[in-house]
Amino acid sequence: MATAGLGNVLGMVTLMDAGNPKIISGQVRNEIISGGVFVSGSTATGVVGSGANSFANSDLLFTRDASGTRFNGICVQTTDVSGNIAVATDGFFILQCNGTVIDGEAVKCDGNNSVLPVGSHADSLAKSTSMKIGRAVTSGASGGFAVIQLTP
């Protein structure tokens, strides 16, 4: 079983990307983020202007341990403090399960870099569409692993 809170101890384990990898780049918000950790955007309002000419990579800041409705993707590889980050936003990944995950069902992230079924907690019943990060391709027991198609 993987260490609690870390997710997959092997980092981000990609199985396939369906021929078109979707990876975005940005910067880390004042911390180190390990590869395989779930991330979310962490920027102040008013950072992005109306034109592409004023946009910079540093306008996109990310933080670790995404949960609930705050999820943008998975960190591709371990970063430096406040360094550059690559975030996978689509594909098929081996992820740790926090609760029984059934193949074909929607999953959400739990804040500990693991997935659990949408609808497994009272809060997710009201927000099920916005909390979904993908679908299970294989089933997995709690503490085990499953192949998840990331489709936030």
# chains A, B, ... in the order shown; residues from 1 in each chain; ligands from 1
>>> residues_around(residues="region 8-13 of chain A", least_positions_apart="3", cutoff="9 Å", atoms="only C-alpha atoms", output="number ranges by chain")
A: 2-3, 34-37, 74-78, 92-96, 113-114, 145
>>> write_last_selection(atoms="C-alpha atoms", output="compact mmCIF listing (two decimals), in the first residue's frame")
# COMPACT_ATOMS: atom_id res chain seq x y z
CA ALA A 2 1.27 3.48 -0.84
CA THR A 3 2.11 6.07 1.79
CA SER A 34 6.15 15.82 -6.34
CA GLY A 35 5.41 14.06 -9.61
CA GLY A 36 2.03 12.35 -9.51
CA VAL A 37 0.46 14.81 -7.06
CA ILE A 74 -1.54 15.84 -12.20
CA CYS A 75 2.04 17.11 -11.77
CA VAL A 76 4.19 15.38 -14.40
CA GLN A 77 7.50 15.42 -12.48
CA THR A 78 8.85 16.78 -9.20
CA PHE A 92 -4.87 7.32 -18.61
CA PHE A 93 -3.03 7.02 -15.27
CA ILE A 94 -2.48 4.47 -12.51
CA LEU A 95 -3.89 6.16 -9.41
CA GLN A 96 -4.38 5.08 -5.81
CA ASN A 113 -3.84 12.42 -4.15
CA SER A 114 -6.15 9.42 -4.43
CA PHE A 145 -4.65 1.06 -7.58
>>> residues_around(residues="Gly46 (chain A)", least_positions_apart="4", cutoff="12 Å", atoms="only C-alpha atoms", output="PyMOL selection string")
chain A and resi 50+55+59-60
>>> write_last_selection(atoms="C-alpha atoms", output="PDB file, in the first residue's frame")
ATOM      1  CA  SER A  50      -7.367  40.439 -22.284  1.00  0.00           C
ATOM      2  CA  PHE A  55       0.222  36.534 -20.969  1.00  0.00           C
ATOM      3  CA  ASP A  59       0.489  33.859 -14.784  1.00  0.00           C
ATOM      4  CA  LEU A  60      -0.483  30.223 -14.149  1.00  0.00           C
TER       5      LEU A  60
END
>>> closest_residue(among="A:Leu15, A:Ala136, A:Ile33, A:Ala86", to="Glu105 (chain A)", atoms="only C-alpha atoms")
A:Ala136
>>> residues_around(residues="Arg135 (chain A)", least_positions_apart="3", cutoff="10 Å", atoms="only C-alpha atoms", output="MDAnalysis selection string")
chainID A and resid 92 101:108 115 117:118 132 138 147:152
>>> select_by_dssp(residues="region 30-124 of chain A", states="helix (DSSP H, G or I)", output="JSON, numbers by chain")
{"A": [52, 53, 54, 57, 58, 59, 122, 123, 124]}
>>> closest_residue(among="A:Cys97, A:Val28, A:Ile23, A:Val47", to="Ala146 (chain A)", atoms="only C-alpha atoms")
A:Cys97
>>> select_by_dssp(residues="region 34-140 of chain A", states="strand (DSSP E)", output="number ranges by chain")
A: 38-41, 61-64, 73-75, 84-96, 106-109, 115-117, 132-136
>>> write_last_selection(atoms="N, CA and C atoms", output="compact mmCIF listing (two decimals), in the first residue's frame")
# COMPACT_ATOMS: atom_id res chain seq x y z
N PHE A 38 -1.85 15.55 -7.31
CA PHE A 38 -2.95 16.29 -7.91
C PHE A 38 -2.77 17.77 -7.63
N VAL A 39 -2.98 18.61 -8.64
CA VAL A 39 -2.77 20.05 -8.48
C VAL A 39 -4.00 20.84 -8.91
N SER A 40 -4.05 22.08 -8.41
CA SER A 40 -5.11 23.01 -8.82
C SER A 40 -4.48 24.38 -9.02
N GLY A 41 -5.18 25.20 -9.80
CA GLY A 41 -4.73 26.57 -10.01
C GLY A 41 -4.75 27.33 -8.70
N LEU A 61 -0.25 29.79 -11.78
CA LEU A 61 0.38 29.25 -10.58
C LEU A 61 -0.42 28.04 -10.12
N PHE A 62 0.30 27.01 -9.64
CA PHE A 62 -0.35 25.77 -9.19
C PHE A 62 0.08 25.45 -7.77
N THR A 63 -0.83 24.78 -7.05
CA THR A 63 -0.55 24.30 -5.71
C THR A 63 -0.94 22.82 -5.63
N ARG A 64 -0.43 22.12 -4.64
CA ARG A 64 -0.59 20.66 -4.54
C ARG A 64 -1.84 20.26 -3.76
N GLY A 73 -5.30 18.96 -12.71
CA GLY A 73 -4.52 17.90 -13.34
C GLY A 73 -3.53 17.26 -12.38
N ILE A 74 -2.55 16.57 -12.97
CA ILE A 74 -1.54 15.84 -12.20
C ILE A 74 -0.16 16.37 -12.56
N CYS A 75 0.66 16.64 -11.55
CA CYS A 75 2.04 17.11 -11.77
C CYS A 75 2.84 16.02 -12.47
N ASN A 84 9.19 25.81 -12.46
CA ASN A 84 8.26 25.49 -13.54
C ASN A 84 7.57 24.16 -13.26
N ILE A 85 6.35 24.01 -13.78
CA ILE A 85 5.59 22.78 -13.59
C ILE A 85 4.91 22.41 -14.90
N ALA A 86 4.85 21.12 -15.17
CA ALA A 86 4.07 20.58 -16.28
C ALA A 86 2.91 19.82 -15.66
N VAL A 87 1.69 20.09 -16.13
CA VAL A 87 0.49 19.50 -15.56
C VAL A 87 -0.26 18.71 -16.64
N ALA A 88 -0.42 17.41 -16.41
CA ALA A 88 -1.19 16.57 -17.32
C ALA A 88 -2.67 16.78 -17.03
N THR A 89 -3.44 17.13 -18.08
CA THR A 89 -4.86 17.41 -17.89
C THR A 89 -5.76 16.35 -18.53
N ASP A 90 -5.17 15.36 -19.18
CA ASP A 90 -5.96 14.34 -19.86
C ASP A 90 -5.06 13.12 -20.06
N GLY A 91 -5.64 11.93 -20.09
CA GLY A 91 -4.88 10.71 -20.33
C GLY A 91 -5.33 9.59 -19.42
N PHE A 92 -4.58 8.50 -19.40
CA PHE A 92 -4.87 7.32 -18.61
C PHE A 92 -3.73 7.12 -17.62
N PHE A 93 -4.04 7.05 -16.32
CA PHE A 93 -3.03 7.02 -15.27
C PHE A 93 -3.34 5.94 -14.25
N ILE A 94 -2.30 5.39 -13.63
CA ILE A 94 -2.48 4.47 -12.51
C ILE A 94 -2.53 5.33 -11.25
N LEU A 95 -3.69 5.32 -10.59
CA LEU A 95 -3.89 6.16 -9.41
C LEU A 95 -4.33 5.31 -8.23
N GLN A 96 -3.99 5.79 -7.03
CA GLN A 96 -4.38 5.08 -5.81
C GLN A 96 -5.86 5.33 -5.51
N ALA A 106 -17.69 7.22 -12.49
CA ALA A 106 -17.00 8.50 -12.32
C ALA A 106 -16.25 8.51 -10.99
N VAL A 107 -15.09 9.19 -10.99
CA VAL A 107 -14.29 9.33 -9.77
C VAL A 107 -13.96 10.80 -9.53
N LYS A 108 -13.63 11.10 -8.27
CA LYS A 108 -13.20 12.43 -7.87
C LYS A 108 -11.91 12.30 -7.07
N CYS A 109 -11.23 13.43 -6.83
CA CYS A 109 -10.03 13.38 -6.00
C CYS A 109 -10.41 13.69 -4.56
N VAL A 115 -8.14 8.68 -5.60
CA VAL A 115 -9.48 8.84 -6.16
C VAL A 115 -10.49 8.01 -5.37
N LEU A 116 -11.73 8.46 -5.39
CA LEU A 116 -12.83 7.72 -4.81
C LEU A 116 -14.06 7.97 -5.68
N PRO A 117 -15.06 7.11 -5.57
CA PRO A 117 -16.23 7.25 -6.45
C PRO A 117 -16.98 8.55 -6.19
N LYS A 132 -16.18 15.61 -10.51
CA LYS A 132 -15.67 14.49 -11.31
C LYS A 132 -14.36 14.88 -11.98
N ILE A 133 -13.34 14.02 -11.83
CA ILE A 133 -12.06 14.26 -12.53
C ILE A 133 -11.83 13.23 -13.63
N GLY A 134 -12.65 12.18 -13.68
CA GLY A 134 -12.48 11.17 -14.71
C GLY A 134 -13.34 9.95 -14.45
N ARG A 135 -12.99 8.86 -15.15
CA ARG A 135 -13.70 7.59 -15.01
C ARG A 135 -12.71 6.46 -14.80
N ALA A 136 -13.12 5.50 -14.00
CA ALA A 136 -12.30 4.32 -13.77
C ALA A 136 -12.38 3.40 -14.99
>>> atom_distance(atom1="CA of Gly143 (chain A)", atom2="CA of Asp110 (chain A)")
12.8 Å
>>> closest_residue(among="A:Gly111, A:Thr79, A:Thr43, A:Ala56", to="Gly7 (chain A)", atoms="only C-alpha atoms")
A:Gly111
>>> atom_distance(atom1="CA of Asp80 (chain A)", atom2="CA of Ala66 (chain A)")
18.4 Å
>>> atom_distance(atom1="CA of Asn57 (chain A)", atom2="CA of Ile24 (chain A)")
9.7 Å
>>> decode(residues="region 32-45 of chain A", atoms="N, CA and C atoms", output="mmCIF file, in the first residue's frame")
data_model
loop_
_atom_site.group_PDB
_atom_site.id
_atom_site.type_symbol
_atom_site.label_atom_id
_atom_site.label_comp_id
_atom_site.auth_asym_id
_atom_site.auth_seq_id
_atom_site.Cartn_x
_atom_site.Cartn_y
_atom_site.Cartn_z
ATOM 1 N N ILE A 32 7.465 22.790 -3.199
ATOM 2 C CA ILE A 32 7.899 21.719 -4.094
ATOM 3 C C ILE A 32 6.689 20.812 -4.301
ATOM 4 N N ILE A 33 6.432 20.427 -5.539
ATOM 5 C CA ILE A 33 5.341 19.496 -5.822
ATOM 6 C C ILE A 33 5.942 18.242 -6.441
ATOM 7 N N SER A 34 5.634 17.099 -5.856
ATOM 8 C CA SER A 34 6.148 15.825 -6.343
ATOM 9 C C SER A 34 5.383 15.371 -7.579
ATOM 10 N N GLY A 35 6.071 14.648 -8.453
ATOM 11 C CA GLY A 35 5.412 14.064 -9.611
ATOM 12 C C GLY A 35 4.311 13.124 -9.177
ATOM 13 N N GLY A 36 3.159 13.194 -9.836
ATOM 14 C CA GLY A 36 2.031 12.347 -9.505
ATOM 15 C C GLY A 36 1.031 12.977 -8.558
ATOM 16 N N VAL A 37 1.358 14.137 -8.001
ATOM 17 C CA VAL A 37 0.464 14.806 -7.059
ATOM 18 C C VAL A 37 -0.610 15.573 -7.820
ATOM 19 N N PHE A 38 -1.849 15.548 -7.309
ATOM 20 C CA PHE A 38 -2.955 16.288 -7.911
ATOM 21 C C PHE A 38 -2.767 17.774 -7.633
ATOM 22 N N VAL A 39 -2.978 18.612 -8.641
ATOM 23 C CA VAL A 39 -2.772 20.048 -8.483
ATOM 24 C C VAL A 39 -4.001 20.844 -8.910
ATOM 25 N N SER A 40 -4.054 22.079 -8.414
ATOM 26 C CA SER A 40 -5.106 23.010 -8.818
ATOM 27 C C SER A 40 -4.481 24.375 -9.022
ATOM 28 N N GLY A 41 -5.178 25.200 -9.797
ATOM 29 C CA GLY A 41 -4.731 26.570 -10.009
ATOM 30 C C GLY A 41 -4.753 27.334 -8.705
ATOM 31 N N SER A 42 -3.813 28.271 -8.559
ATOM 32 C CA SER A 42 -3.692 29.019 -7.314
ATOM 33 C C SER A 42 -3.241 30.439 -7.610
ATOM 34 N N THR A 43 -4.027 31.176 -8.357
ATOM 35 C CA THR A 43 -3.664 32.539 -8.729
ATOM 36 C C THR A 43 -4.656 33.528 -8.157
ATOM 37 N N ALA A 44 -4.200 34.743 -7.995
ATOM 38 C CA ALA A 44 -5.085 35.823 -7.571
ATOM 39 C C ALA A 44 -5.938 36.262 -8.749
ATOM 40 N N THR A 45 -7.008 36.983 -8.486
ATOM 41 C CA THR A 45 -7.827 37.509 -9.568
ATOM 42 C C THR A 45 -7.096 38.660 -10.249
#
